[in-house]
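K.L.:
One file: start-v3.cif (mmCIF, N, CA and C atoms and all ligand atoms).
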data_structure
#
loop_
_atom_site.label_atom_id
_atom_site.label_comp_id
_atom_site.auth_asym_id
_atom_site.auth_seq_id
_atom_site.Cartn_x
_atom_site.Cartn_y
_atom_site.Cartn_z
N MET A 1 10.46 -5.71 23.64
CA MET A 1 10.39 -4.87 22.44
C MET A 1 10.06 -3.43 22.81
N TRP A 2 8.97 -3.23 23.55
CA TRP A 2 8.58 -1.88 23.94
C TRP A 2 9.68 -1.20 24.73
N GLN A 3 10.22 -1.91 25.70
CA GLN A 3 11.25 -1.32 26.57
C GLN A 3 12.47 -0.89 25.77
N GLU A 4 12.88 -1.72 24.83
CA GLU A 4 14.05 -1.39 24.00
C GLU A 4 13.77 -0.15 23.14
N LEU A 5 12.61 -0.11 22.53
CA LEU A 5 12.23 1.04 21.71
C LEU A 5 12.12 2.30 22.56
N HIS A 6 11.49 2.16 23.70
CA HIS A 6 11.32 3.29 24.61
C HIS A 6 12.68 3.85 25.04
N LEU A 7 13.60 2.98 25.43
CA LEU A 7 14.93 3.41 25.85
C LEU A 7 15.70 4.05 24.70
N GLN A 8 15.58 3.49 23.52
CA GLN A 8 16.28 4.04 22.36
C GLN A 8 15.83 5.48 22.09
N VAL A 9 14.53 5.69 22.09
CA VAL A 9 14.00 7.03 21.82
C VAL A 9 14.34 7.98 22.96
N ARG A 10 14.13 7.53 24.19
CA ARG A 10 14.43 8.39 25.34
C ARG A 10 15.90 8.76 25.41
N ASN A 11 16.78 7.78 25.14
CA ASN A 11 18.21 8.06 25.17
C ASN A 11 18.61 9.05 24.08
N ARG A 12 18.03 8.90 22.92
CA ARG A 12 18.35 9.83 21.83
C ARG A 12 17.91 11.24 22.21
N LEU A 13 16.71 11.37 22.76
CA LEU A 13 16.23 12.68 23.18
C LEU A 13 17.10 13.26 24.29
N ALA A 14 17.55 12.43 25.21
CA ALA A 14 18.40 12.91 26.31
C ALA A 14 19.74 13.40 25.78
N VAL A 15 20.31 12.70 24.80
CA VAL A 15 21.58 13.13 24.23
C VAL A 15 21.41 14.46 23.51
N VAL A 16 20.37 14.56 22.70
CA VAL A 16 20.12 15.81 21.97
C VAL A 16 19.91 16.96 22.95
N GLU A 17 19.10 16.74 23.94
CA GLU A 17 18.83 17.78 24.93
C GLU A 17 20.11 18.16 25.69
N GLY A 18 20.88 17.17 26.08
CA GLY A 18 22.11 17.43 26.83
C GLY A 18 23.11 18.24 26.03
N VAL A 19 23.28 17.89 24.76
CA VAL A 19 24.23 18.64 23.92
C VAL A 19 23.69 20.04 23.65
N ALA A 20 22.40 20.15 23.38
CA ALA A 20 21.82 21.46 23.07
C ALA A 20 21.89 22.41 24.25
N THR A 21 21.73 21.90 25.44
CA THR A 21 21.71 22.78 26.62
C THR A 21 23.06 22.89 27.32
N GLY A 22 23.92 21.89 27.16
CA GLY A 22 25.16 21.91 27.91
C GLY A 22 26.42 21.75 27.09
N GLY A 23 26.28 21.50 25.80
CA GLY A 23 27.46 21.31 24.97
C GLY A 23 28.06 22.64 24.56
N ASP A 24 29.30 22.59 24.06
CA ASP A 24 29.88 23.86 23.61
C ASP A 24 29.16 24.34 22.35
N GLU A 25 29.37 25.58 22.00
CA GLU A 25 28.55 26.21 20.96
C GLU A 25 28.72 25.56 19.60
N ARG A 26 29.92 25.17 19.26
CA ARG A 26 30.12 24.55 17.95
C ARG A 26 29.42 23.19 17.88
N VAL A 27 29.55 22.41 18.93
CA VAL A 27 28.88 21.10 18.94
C VAL A 27 27.37 21.28 18.92
N ALA A 28 26.87 22.27 19.69
CA ALA A 28 25.43 22.52 19.71
C ALA A 28 24.93 22.98 18.35
N ALA A 29 25.72 23.82 17.66
CA ALA A 29 25.32 24.27 16.32
C ALA A 29 25.32 23.11 15.34
N ASP A 30 26.33 22.26 15.41
CA ASP A 30 26.37 21.07 14.53
C ASP A 30 25.18 20.16 14.82
N LEU A 31 24.90 20.00 16.10
CA LEU A 31 23.76 19.16 16.49
C LEU A 31 22.46 19.75 15.95
N ALA A 32 22.31 21.07 16.05
CA ALA A 32 21.07 21.71 15.57
C ALA A 32 20.88 21.43 14.09
N ARG A 33 21.94 21.52 13.32
CA ARG A 33 21.81 21.29 11.88
C ARG A 33 21.44 19.85 11.56
N SER A 34 21.94 18.95 12.33
CA SER A 34 21.66 17.54 12.02
C SER A 34 20.40 17.02 12.70
N GLU A 35 20.11 17.47 13.91
CA GLU A 35 19.02 16.87 14.68
C GLU A 35 17.70 17.63 14.60
N VAL A 36 17.74 18.95 14.47
CA VAL A 36 16.48 19.70 14.46
C VAL A 36 15.57 19.27 13.30
N PRO A 37 16.10 19.10 12.10
CA PRO A 37 15.21 18.61 11.03
C PRO A 37 14.59 17.25 11.35
N LEU A 38 15.37 16.39 12.01
CA LEU A 38 14.82 15.07 12.39
C LEU A 38 13.72 15.22 13.43
N LEU A 39 13.93 16.12 14.38
CA LEU A 39 12.91 16.36 15.42
C LEU A 39 11.65 16.96 14.80
N VAL A 40 11.82 17.88 13.87
CA VAL A 40 10.66 18.47 13.19
C VAL A 40 9.89 17.40 12.44
N THR A 41 10.61 16.54 11.76
CA THR A 41 9.95 15.44 11.04
C THR A 41 9.22 14.53 12.01
N ALA A 42 9.85 14.22 13.13
CA ALA A 42 9.21 13.35 14.12
C ALA A 42 7.92 13.97 14.64
N ILE A 43 7.95 15.25 14.93
CA ILE A 43 6.74 15.92 15.42
C ILE A 43 5.66 15.92 14.35
N ARG A 44 6.05 16.20 13.12
CA ARG A 44 5.06 16.17 12.02
C ARG A 44 4.43 14.80 11.87
N VAL A 45 5.25 13.77 11.94
CA VAL A 45 4.73 12.40 11.83
C VAL A 45 3.75 12.11 12.96
N LEU A 46 4.13 12.51 14.16
CA LEU A 46 3.26 12.24 15.31
C LEU A 46 1.93 12.99 15.22
N LEU A 47 1.95 14.20 14.67
CA LEU A 47 0.73 15.01 14.63
C LEU A 47 -0.08 14.83 13.36
N ASP A 48 0.51 14.20 12.38
CA ASP A 48 -0.13 14.12 11.07
C ASP A 48 -1.52 13.50 11.12
N GLY A 49 -1.70 12.51 11.94
CA GLY A 49 -3.00 11.84 11.99
C GLY A 49 -4.05 12.58 12.80
N HIS A 50 -3.63 13.56 13.53
CA HIS A 50 -4.57 14.28 14.40
C HIS A 50 -5.25 15.41 13.63
N ARG A 51 -5.96 15.00 12.60
CA ARG A 51 -6.71 15.93 11.76
C ARG A 51 -8.19 15.63 11.93
N PRO A 52 -9.02 16.62 11.66
CA PRO A 52 -10.45 16.38 11.84
C PRO A 52 -11.04 15.51 10.72
N ASP A 53 -11.98 14.66 11.09
CA ASP A 53 -12.76 13.96 10.07
C ASP A 53 -13.90 14.89 9.63
N SER A 54 -14.82 14.39 8.86
CA SER A 54 -15.88 15.24 8.32
C SER A 54 -16.79 15.82 9.40
N GLU A 55 -16.74 15.22 10.59
CA GLU A 55 -17.57 15.72 11.69
C GLU A 55 -16.78 16.51 12.72
N GLY A 56 -15.50 16.77 12.42
CA GLY A 56 -14.67 17.56 13.31
C GLY A 56 -14.04 16.78 14.45
N HIS A 57 -14.07 15.44 14.38
CA HIS A 57 -13.44 14.61 15.40
C HIS A 57 -12.05 14.22 14.95
N CYS A 58 -11.16 14.02 15.93
CA CYS A 58 -9.79 13.64 15.61
C CYS A 58 -9.75 12.22 15.05
N ARG A 59 -9.05 12.07 13.92
CA ARG A 59 -8.95 10.75 13.29
C ARG A 59 -8.02 9.81 14.05
N ALA A 60 -7.00 10.37 14.70
CA ALA A 60 -6.02 9.53 15.40
C ALA A 60 -6.50 9.08 16.78
N CYS A 61 -7.33 9.85 17.40
CA CYS A 61 -7.81 9.52 18.73
C CYS A 61 -9.09 8.70 18.62
N TRP A 62 -8.96 7.57 17.95
CA TRP A 62 -10.11 6.74 17.62
C TRP A 62 -10.40 5.67 18.64
N GLY A 63 -9.55 5.50 19.62
CA GLY A 63 -9.70 4.37 20.53
C GLY A 63 -10.95 4.38 21.36
N ARG A 64 -11.62 5.48 21.39
CA ARG A 64 -12.81 5.58 22.21
C ARG A 64 -14.05 5.32 21.37
N ARG A 65 -15.16 5.22 22.04
CA ARG A 65 -16.42 5.07 21.33
C ARG A 65 -16.66 6.33 20.49
N TRP A 66 -17.36 6.18 19.38
CA TRP A 66 -17.49 7.30 18.45
C TRP A 66 -18.09 8.54 19.09
N TRP A 67 -18.98 8.37 20.02
CA TRP A 67 -19.58 9.54 20.63
C TRP A 67 -18.68 10.19 21.69
N GLN A 68 -17.58 9.50 22.00
CA GLN A 68 -16.63 10.04 22.96
C GLN A 68 -15.36 10.56 22.29
N ARG A 69 -15.27 10.42 20.98
CA ARG A 69 -14.05 10.87 20.30
C ARG A 69 -13.90 12.39 20.46
N PRO A 70 -12.67 12.83 20.70
CA PRO A 70 -12.48 14.27 20.90
C PRO A 70 -12.56 15.04 19.59
N THR A 71 -12.96 16.28 19.71
CA THR A 71 -12.92 17.14 18.55
C THR A 71 -11.51 17.68 18.38
N VAL A 72 -11.24 18.21 17.22
CA VAL A 72 -9.93 18.79 16.92
C VAL A 72 -9.96 20.26 17.31
N PRO A 73 -8.95 20.80 17.96
CA PRO A 73 -7.70 20.16 18.32
C PRO A 73 -7.89 19.23 19.53
N CYS A 74 -7.35 18.04 19.40
CA CYS A 74 -7.44 17.04 20.47
C CYS A 74 -6.36 17.31 21.53
N ARG A 75 -6.42 16.56 22.60
CA ARG A 75 -5.48 16.72 23.70
C ARG A 75 -4.03 16.55 23.25
N GLN A 76 -3.75 15.57 22.41
CA GLN A 76 -2.38 15.33 21.98
C GLN A 76 -1.85 16.52 21.17
N TYR A 77 -2.70 17.08 20.33
CA TYR A 77 -2.26 18.22 19.54
C TYR A 77 -2.00 19.42 20.44
N LEU A 78 -2.88 19.64 21.40
CA LEU A 78 -2.70 20.76 22.32
C LEU A 78 -1.46 20.58 23.18
N LEU A 79 -1.19 19.34 23.61
CA LEU A 79 0.02 19.09 24.39
C LEU A 79 1.27 19.36 23.57
N ALA A 80 1.26 18.95 22.32
CA ALA A 80 2.41 19.21 21.44
C ALA A 80 2.61 20.70 21.25
N ARG A 81 1.53 21.41 21.04
CA ARG A 81 1.61 22.86 20.88
C ARG A 81 2.14 23.52 22.14
N THR A 82 1.66 23.09 23.29
CA THR A 82 2.12 23.65 24.55
C THR A 82 3.62 23.44 24.72
N ALA A 83 4.09 22.23 24.43
CA ALA A 83 5.51 21.93 24.58
C ALA A 83 6.34 22.68 23.54
N LEU A 84 5.87 22.72 22.32
CA LEU A 84 6.63 23.35 21.25
C LEU A 84 6.76 24.85 21.45
N LEU A 85 5.71 25.49 21.92
CA LEU A 85 5.73 26.94 22.11
C LEU A 85 6.12 27.34 23.53
N ASP A 86 6.47 26.34 24.37
CA ASP A 86 6.87 26.56 25.75
C ASP A 86 5.82 27.38 26.50
N LEU A 87 4.57 26.97 26.34
CA LEU A 87 3.45 27.63 27.00
C LEU A 87 3.22 27.01 28.37
N PRO A 88 2.52 27.71 29.25
CA PRO A 88 2.16 27.08 30.53
C PRO A 88 1.32 25.83 30.28
N ALA A 89 1.43 24.86 31.16
CA ALA A 89 0.75 23.57 30.96
C ALA A 89 -0.76 23.72 30.87
N ASN A 90 -1.31 24.77 31.42
CA ASN A 90 -2.76 24.94 31.39
C ASN A 90 -3.23 25.78 30.20
N ALA A 91 -2.33 26.09 29.27
CA ALA A 91 -2.70 26.89 28.10
C ALA A 91 -3.47 26.02 27.13
N ARG A 92 -4.77 26.15 27.08
CA ARG A 92 -5.60 25.31 26.24
C ARG A 92 -6.23 26.09 25.09
N GLU A 93 -6.20 27.41 25.17
CA GLU A 93 -6.84 28.19 24.11
C GLU A 93 -6.02 28.09 22.83
N VAL A 94 -6.73 28.12 21.73
CA VAL A 94 -6.07 28.13 20.43
C VAL A 94 -5.99 29.57 19.97
N ALA A 95 -4.77 30.06 19.84
CA ALA A 95 -4.58 31.47 19.44
C ALA A 95 -4.71 31.61 17.93
ZN ZN A 101 -5.95 13.41 18.28
#
When written as structure tokens, how does the structure in this file appear?

P.N.:
Amino acid sequence: MWQELHLQVRNRLAVVEGVATGGDERVAADLARSEVPLLVTAIRVLLDGHRPDSEGHCRACWGRRWWQRPTVPCRQYLLARTALLDLPANAREVA
């Protein structure tokens, strides 16, 4: 199950990336109109739970003991921001 899901998502991302970076301009423009909104929705869904609780801890990063829960912005949110804004991997400051 996991492997099938993983391959499905990875393959879809590879196709989108391949067309966006190597496809002709018309195909890339058509792809942008159809796929970018889906990618934006996917990112929103993934980040939606990474909000602070009343104590400023991430609600989604709950797997740890309560005293070890990360504060917001958590690592996942910072990684998404780094990738989305094409920042250096060590960019941790919140602008
Ligand atoms: Zn989190």

K.L.:
So that each row is one residue of chain A with an atom at most 7 Å from ligand ZN 101 (chain A), can you give its shortest atom pair and the distance in Å to one decimal, using only C-alpha atoms and all ligand atoms, rows by chain and rising number, as a Markdown table?

P.N.:
| residue | atom | partner | partner_atom | distance |
| --- | --- | --- | --- | --- |
| A:His50 | CA | A:ZN101 | ZN | 4.2 |
| A:Cys58 | CA | A:ZN101 | ZN | 4.7 |
| A:Arg59 | CA | A:ZN101 | ZN | 6.4 |
| A:Ala60 | CA | A:ZN101 | ZN | 4.8 |
| A:Cys61 | CA | A:ZN101 | ZN | 4.3 |
| A:Val72 | CA | A:ZN101 | ZN | 6.8 |
| A:Pro73 | CA | A:ZN101 | ZN | 7.0 |
| A:Cys74 | CA | A:ZN101 | ZN | 4.5 |
| A:Arg75 | CA | A:ZN101 | ZN | 6.4 |
| A:Gln76 | CA | A:ZN101 | ZN | 5.5 |
| A:Tyr77 | CA | A:ZN101 | ZN | 6.2 |

K.L.:
So which residues of region 2-95 of chain A fall under strand (DSSP E or B) by DSSP, listed as a compact mmCIF listing (two decimals) with N, CA and C atoms, in the frame of the given file?

P.N.:
# COMPACT_ATOMS: atom_id res chain seq x y z
N PRO A 52 -9.02 16.62 11.66
CA PRO A 52 -10.45 16.38 11.84
C PRO A 52 -11.04 15.51 10.72
N HIS A 57 -14.07 15.44 14.38
CA HIS A 57 -13.44 14.61 15.40
C HIS A 57 -12.05 14.22 14.95
N CYS A 58 -11.16 14.02 15.93
CA CYS A 58 -9.79 13.64 15.61
C CYS A 58 -9.75 12.22 15.05
N THR A 71 -12.96 16.28 19.71
CA THR A 71 -12.92 17.14 18.55
C THR A 71 -11.51 17.68 18.38

K.L.:
Would you work out the distance separating atom C of Gln3 (chain A) from atom C of Leu38 (chain A), expressed in Å to one decimal?

P.N.:
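A separation of 20.3 Å between them.
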
K.L.:
From a DSSP calculation on the backbone, collect every residue of chain A in helix (DSSP H, G or I) and output the set as a ChimeraX atom specification.

P.N.:
/A:2-22,25-48,66-68,75-84

K.L.:
Work out how far apart CA of Val19 (chain A) and CA of Arg33 (chain A) are and give it in Å to one decimal.

P.N.:
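A separation of 12.6 Å between them.
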
K.L.:
So how many Å separate CA of Leu85 (chain A) and CA of Leu5 (chain A), to one decimal?

P.N.:
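So the two atoms, CA of Leu85 (chain A) and CA of Leu5 (chain A), lie 26.7 Å apart.
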
K.L.:
Quick one: residues within 8 Å of Ala20 (chain A), all atoms listed in the file, excluding same-chain residues fewer than 6 positions away - as a list of chain:residue names?

P.N.:
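Contacts, with the query itself left out: A:Ala14, A:Val27, A:Ala28, A:Ala29, A:Leu31, A:Ala32.
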
K.L.:
So which residues touch Gly56 (chain A) within 7 Å, counting all atoms listed in the file, skipping near sequence neighbours fewer than 5 positions away, as a PyMOL selection string?

P.N.:
chain A and resi 51+70-72

K.L.:
For Leu84 (chain A), find every residue with an atom within 12 Å (counting only C-alpha atoms), except residues of its own chain fewer than 5 positions away, and show them as a VMD selection string.

P.N.:
chain A and resid 39 to 40 43 to 44 77 to 79 89

K.L.:
Save region 34-81 of chain A of the structure in the block above to a file, with N, CA and C atoms included, as a PDB file, in the first residue's frame.

P.N.:
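The resulting file, part_20.pdb, is shown below:
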ATOM      1  N   SER A  34      -3.275  23.714 -15.161  1.00  0.00           N
ATOM      2  CA  SER A  34      -3.991  22.573 -14.580  1.00  0.00           C
ATOM      3  C   SER A  34      -3.337  22.046 -13.305  1.00  0.00           C
ATOM      4  N   GLU A  35      -2.023  22.086 -13.220  1.00  0.00           N
ATOM      5  CA  GLU A  35      -1.340  21.434 -12.104  1.00  0.00           C
ATOM      6  C   GLU A  35      -0.961  22.365 -10.958  1.00  0.00           C
ATOM      7  N   VAL A  36      -0.654  23.620 -11.248  1.00  0.00           N
ATOM      8  CA  VAL A  36      -0.229  24.521 -10.167  1.00  0.00           C
ATOM      9  C   VAL A  36      -1.317  24.672  -9.098  1.00  0.00           C
ATOM     10  N   PRO A  37      -2.572  24.861  -9.475  1.00  0.00           N
ATOM     11  CA  PRO A  37      -3.594  24.925  -8.415  1.00  0.00           C
ATOM     12  C   PRO A  37      -3.655  23.653  -7.569  1.00  0.00           C
ATOM     13  N   LEU A  38      -3.439  22.510  -8.208  1.00  0.00           N
ATOM     14  CA  LEU A  38      -3.441  21.245  -7.443  1.00  0.00           C
ATOM     15  C   LEU A  38      -2.251  21.186  -6.492  1.00  0.00           C
ATOM     16  N   LEU A  39      -1.099  21.651  -6.959  1.00  0.00           N
ATOM     17  CA  LEU A  39       0.093  21.665  -6.099  1.00  0.00           C
ATOM     18  C   LEU A  39      -0.090  22.637  -4.934  1.00  0.00           C
ATOM     19  N   VAL A  40      -0.682  23.781  -5.204  1.00  0.00           N
ATOM     20  CA  VAL A  40      -0.942  24.754  -4.132  1.00  0.00           C
ATOM     21  C   VAL A  40      -1.888  24.147  -3.105  1.00  0.00           C
ATOM     22  N   THR A  41      -2.914  23.483  -3.575  1.00  0.00           N
ATOM     23  CA  THR A  41      -3.847  22.827  -2.654  1.00  0.00           C
ATOM     24  C   THR A  41      -3.138  21.757  -1.841  1.00  0.00           C
ATOM     25  N   ALA A  42      -2.290  20.983  -2.486  1.00  0.00           N
ATOM     26  CA  ALA A  42      -1.559  19.929  -1.777  1.00  0.00           C
ATOM     27  C   ALA A  42      -0.676  20.518  -0.684  1.00  0.00           C
ATOM     28  N   ILE A  43       0.014  21.597  -0.992  1.00  0.00           N
ATOM     29  CA  ILE A  43       0.877  22.236   0.014  1.00  0.00           C
ATOM     30  C   ILE A  43       0.038  22.783   1.155  1.00  0.00           C
ATOM     31  N   ARG A  44      -1.074  23.408   0.829  1.00  0.00           N
ATOM     32  CA  ARG A  44      -1.954  23.930   1.894  1.00  0.00           C
ATOM     33  C   ARG A  44      -2.458  22.812   2.800  1.00  0.00           C
ATOM     34  N   VAL A  45      -2.851  21.709   2.196  1.00  0.00           N
ATOM     35  CA  VAL A  45      -3.335  20.569   2.986  1.00  0.00           C
ATOM     36  C   VAL A  45      -2.232  20.058   3.908  1.00  0.00           C
ATOM     37  N   LEU A  46      -1.034  19.945   3.353  1.00  0.00           N
ATOM     38  CA  LEU A  46       0.074  19.426   4.150  1.00  0.00           C
ATOM     39  C   LEU A  46       0.438  20.360   5.306  1.00  0.00           C
ATOM     40  N   LEU A  47       0.326  21.667   5.090  1.00  0.00           N
ATOM     41  CA  LEU A  47       0.736  22.623   6.123  1.00  0.00           C
ATOM     42  C   LEU A  47      -0.385  23.032   7.059  1.00  0.00           C
ATOM     43  N   ASP A  48      -1.595  22.702   6.695  1.00  0.00           N
ATOM     44  CA  ASP A  48      -2.742  23.193   7.451  1.00  0.00           C
ATOM     45  C   ASP A  48      -2.700  22.817   8.932  1.00  0.00           C
ATOM     46  N   GLY A  49      -2.233  21.642   9.229  1.00  0.00           N
ATOM     47  CA  GLY A  49      -2.213  21.214  10.626  1.00  0.00           C
ATOM     48  C   GLY A  49      -1.052  21.780  11.433  1.00  0.00           C
ATOM     49  N   HIS A  50      -0.114  22.361  10.770  1.00  0.00           N
ATOM     50  CA  HIS A  50       1.078  22.868  11.463  1.00  0.00           C
ATOM     51  C   HIS A  50       0.837  24.287  11.973  1.00  0.00           C
ATOM     52  N   ARG A  51      -0.158  24.381  12.835  1.00  0.00           N
ATOM     53  CA  ARG A  51      -0.521  25.657  13.453  1.00  0.00           C
ATOM     54  C   ARG A  51      -0.235  25.552  14.943  1.00  0.00           C
ATOM     55  N   PRO A  52      -0.040  26.696  15.573  1.00  0.00           N
ATOM     56  CA  PRO A  52       0.263  26.632  17.008  1.00  0.00           C
ATOM     57  C   PRO A  52      -0.980  26.322  17.848  1.00  0.00           C
ATOM     58  N   ASP A  53      -0.770  25.548  18.912  1.00  0.00           N
ATOM     59  CA  ASP A  53      -1.837  25.391  19.897  1.00  0.00           C
ATOM     60  C   ASP A  53      -1.770  26.576  20.859  1.00  0.00           C
ATOM     61  N   SER A  54      -2.516  26.533  21.921  1.00  0.00           N
ATOM     62  CA  SER A  54      -2.581  27.681  22.831  1.00  0.00           C
ATOM     63  C   SER A  54      -1.244  27.976  23.510  1.00  0.00           C
ATOM     64  N   GLU A  55      -0.346  26.999  23.483  1.00  0.00           N
ATOM     65  CA  GLU A  55       0.971  27.199  24.101  1.00  0.00           C
ATOM     66  C   GLU A  55       2.078  27.441  23.079  1.00  0.00           C
ATOM     67  N   GLY A  56       1.690  27.581  21.809  1.00  0.00           N
ATOM     68  CA  GLY A  56       2.662  27.871  20.765  1.00  0.00           C
ATOM     69  C   GLY A  56       3.365  26.654  20.204  1.00  0.00           C
ATOM     70  N   HIS A  57       2.861  25.444  20.513  1.00  0.00           N
ATOM     71  CA  HIS A  57       3.451  24.219  19.975  1.00  0.00           C
ATOM     72  C   HIS A  57       2.684  23.796  18.732  1.00  0.00           C
ATOM     73  N   CYS A  58       3.401  23.127  17.818  1.00  0.00           N
ATOM     74  CA  CYS A  58       2.773  22.669  16.582  1.00  0.00           C
ATOM     75  C   CYS A  58       1.772  21.553  16.876  1.00  0.00           C
ATOM     76  N   ARG A  59       0.570  21.703  16.321  1.00  0.00           N
ATOM     77  CA  ARG A  59      -0.472  20.692  16.540  1.00  0.00           C
ATOM     78  C   ARG A  59      -0.209  19.409  15.761  1.00  0.00           C
ATOM     79  N   ALA A  60       0.428  19.532  14.590  1.00  0.00           N
ATOM     80  CA  ALA A  60       0.658  18.356  13.743  1.00  0.00           C
ATOM     81  C   ALA A  60       1.863  17.535  14.188  1.00  0.00           C
ATOM     82  N   CYS A  61       2.818  18.156  14.786  1.00  0.00           N
ATOM     83  CA  CYS A  61       4.028  17.458  15.210  1.00  0.00           C
ATOM     84  C   CYS A  61       3.840  16.941  16.632  1.00  0.00           C
ATOM     85  N   TRP A  62       2.823  16.121  16.789  1.00  0.00           N
ATOM     86  CA  TRP A  62       2.415  15.648  18.106  1.00  0.00           C
ATOM     87  C   TRP A  62       3.059  14.350  18.514  1.00  0.00           C
ATOM     88  N   GLY A  63       3.782  13.713  17.639  1.00  0.00           N
ATOM     89  CA  GLY A  63       4.279  12.374  17.924  1.00  0.00           C
ATOM     90  C   GLY A  63       5.248  12.287  19.077  1.00  0.00           C
ATOM     91  N   ARG A  64       5.733  13.398  19.503  1.00  0.00           N
ATOM     92  CA  ARG A  64       6.718  13.389  20.577  1.00  0.00           C
ATOM     93  C   ARG A  64       6.035  13.641  21.915  1.00  0.00           C
ATOM     94  N   ARG A  65       6.792  13.482  22.960  1.00  0.00           N
ATOM     95  CA  ARG A  65       6.262  13.797  24.282  1.00  0.00           C
ATOM     96  C   ARG A  65       5.938  15.290  24.333  1.00  0.00           C
ATOM     97  N   TRP A  66       4.956  15.657  25.144  1.00  0.00           N
ATOM     98  CA  TRP A  66       4.474  17.036  25.122  1.00  0.00           C
ATOM     99  C   TRP A  66       5.575  18.048  25.407  1.00  0.00           C
ATOM    100  N   TRP A  67       6.518  17.707  26.234  1.00  0.00           N
ATOM    101  CA  TRP A  67       7.565  18.671  26.532  1.00  0.00           C
ATOM    102  C   TRP A  67       8.627  18.751  25.429  1.00  0.00           C
ATOM    103  N   GLN A  68       8.527  17.829  24.467  1.00  0.00           N
ATOM    104  CA  GLN A  68       9.460  17.845  23.345  1.00  0.00           C
ATOM    105  C   GLN A  68       8.812  18.359  22.061  1.00  0.00           C
ATOM    106  N   ARG A  69       7.532  18.680  22.113  1.00  0.00           N
ATOM    107  CA  ARG A  69       6.866  19.143  20.894  1.00  0.00           C
ATOM    108  C   ARG A  69       7.496  20.455  20.433  1.00  0.00           C
ATOM    109  N   PRO A  70       7.686  20.589  19.123  1.00  0.00           N
ATOM    110  CA  PRO A  70       8.318  21.812  18.628  1.00  0.00           C
ATOM    111  C   PRO A  70       7.360  22.996  18.672  1.00  0.00           C
ATOM    112  N   THR A  71       7.942  24.165  18.794  1.00  0.00           N
ATOM    113  CA  THR A  71       7.137  25.364  18.691  1.00  0.00           C
ATOM    114  C   THR A  71       6.944  25.694  17.221  1.00  0.00           C
ATOM    115  N   VAL A  72       6.004  26.553  16.949  1.00  0.00           N
ATOM    116  CA  VAL A  72       5.720  26.985  15.584  1.00  0.00           C
ATOM    117  C   VAL A  72       6.569  28.209  15.281  1.00  0.00           C
ATOM    118  N   PRO A  73       7.208  28.319  14.132  1.00  0.00           N
ATOM    119  CA  PRO A  73       7.142  27.397  13.010  1.00  0.00           C
ATOM    120  C   PRO A  73       7.987  26.150  13.272  1.00  0.00           C
ATOM    121  N   CYS A  74       7.391  25.007  13.000  1.00  0.00           N
ATOM    122  CA  CYS A  74       8.079  23.728  13.196  1.00  0.00           C
ATOM    123  C   CYS A  74       8.987  23.429  11.996  1.00  0.00           C
ATOM    124  N   ARG A  75       9.743  22.368  12.116  1.00  0.00           N
ATOM    125  CA  ARG A  75      10.689  21.984  11.064  1.00  0.00           C
ATOM    126  C   ARG A  75       9.997  21.755   9.720  1.00  0.00           C
ATOM    127  N   GLN A  76       8.845  21.099   9.722  1.00  0.00           N
ATOM    128  CA  GLN A  76       8.155  20.815   8.466  1.00  0.00           C
ATOM    129  C   GLN A  76       7.719  22.113   7.778  1.00  0.00           C
ATOM    130  N   TYR A  77       7.246  23.058   8.568  1.00  0.00           N
ATOM    131  CA  TYR A  77       6.821  24.318   7.978  1.00  0.00           C
ATOM    132  C   TYR A  77       8.017  25.076   7.410  1.00  0.00           C
ATOM    133  N   LEU A  78       9.113  25.072   8.144  1.00  0.00           N
ATOM    134  CA  LEU A  78      10.317  25.754   7.669  1.00  0.00           C
ATOM    135  C   LEU A  78      10.877  25.089   6.418  1.00  0.00           C
ATOM    136  N   LEU A  79      10.826  23.756   6.359  1.00  0.00           N
ATOM    137  CA  LEU A  79      11.292  23.060   5.163  1.00  0.00           C
ATOM    138  C   LEU A  79      10.426  23.400   3.957  1.00  0.00           C
ATOM    139  N   ALA A  80       9.127  23.460   4.163  1.00  0.00           N
ATOM    140  CA  ALA A  80       8.223  23.823   3.059  1.00  0.00           C
ATOM    141  C   ALA A  80       8.508  25.238   2.587  1.00  0.00           C
ATOM    142  N   ARG A  81       8.707  26.138   3.517  1.00  0.00           N
ATOM    143  CA  ARG A  81       9.026  27.524   3.166  1.00  0.00           C
ATOM    144  C   ARG A  81      10.337  27.603   2.399  1.00  0.00           C
TER     145      ARG A  81
END
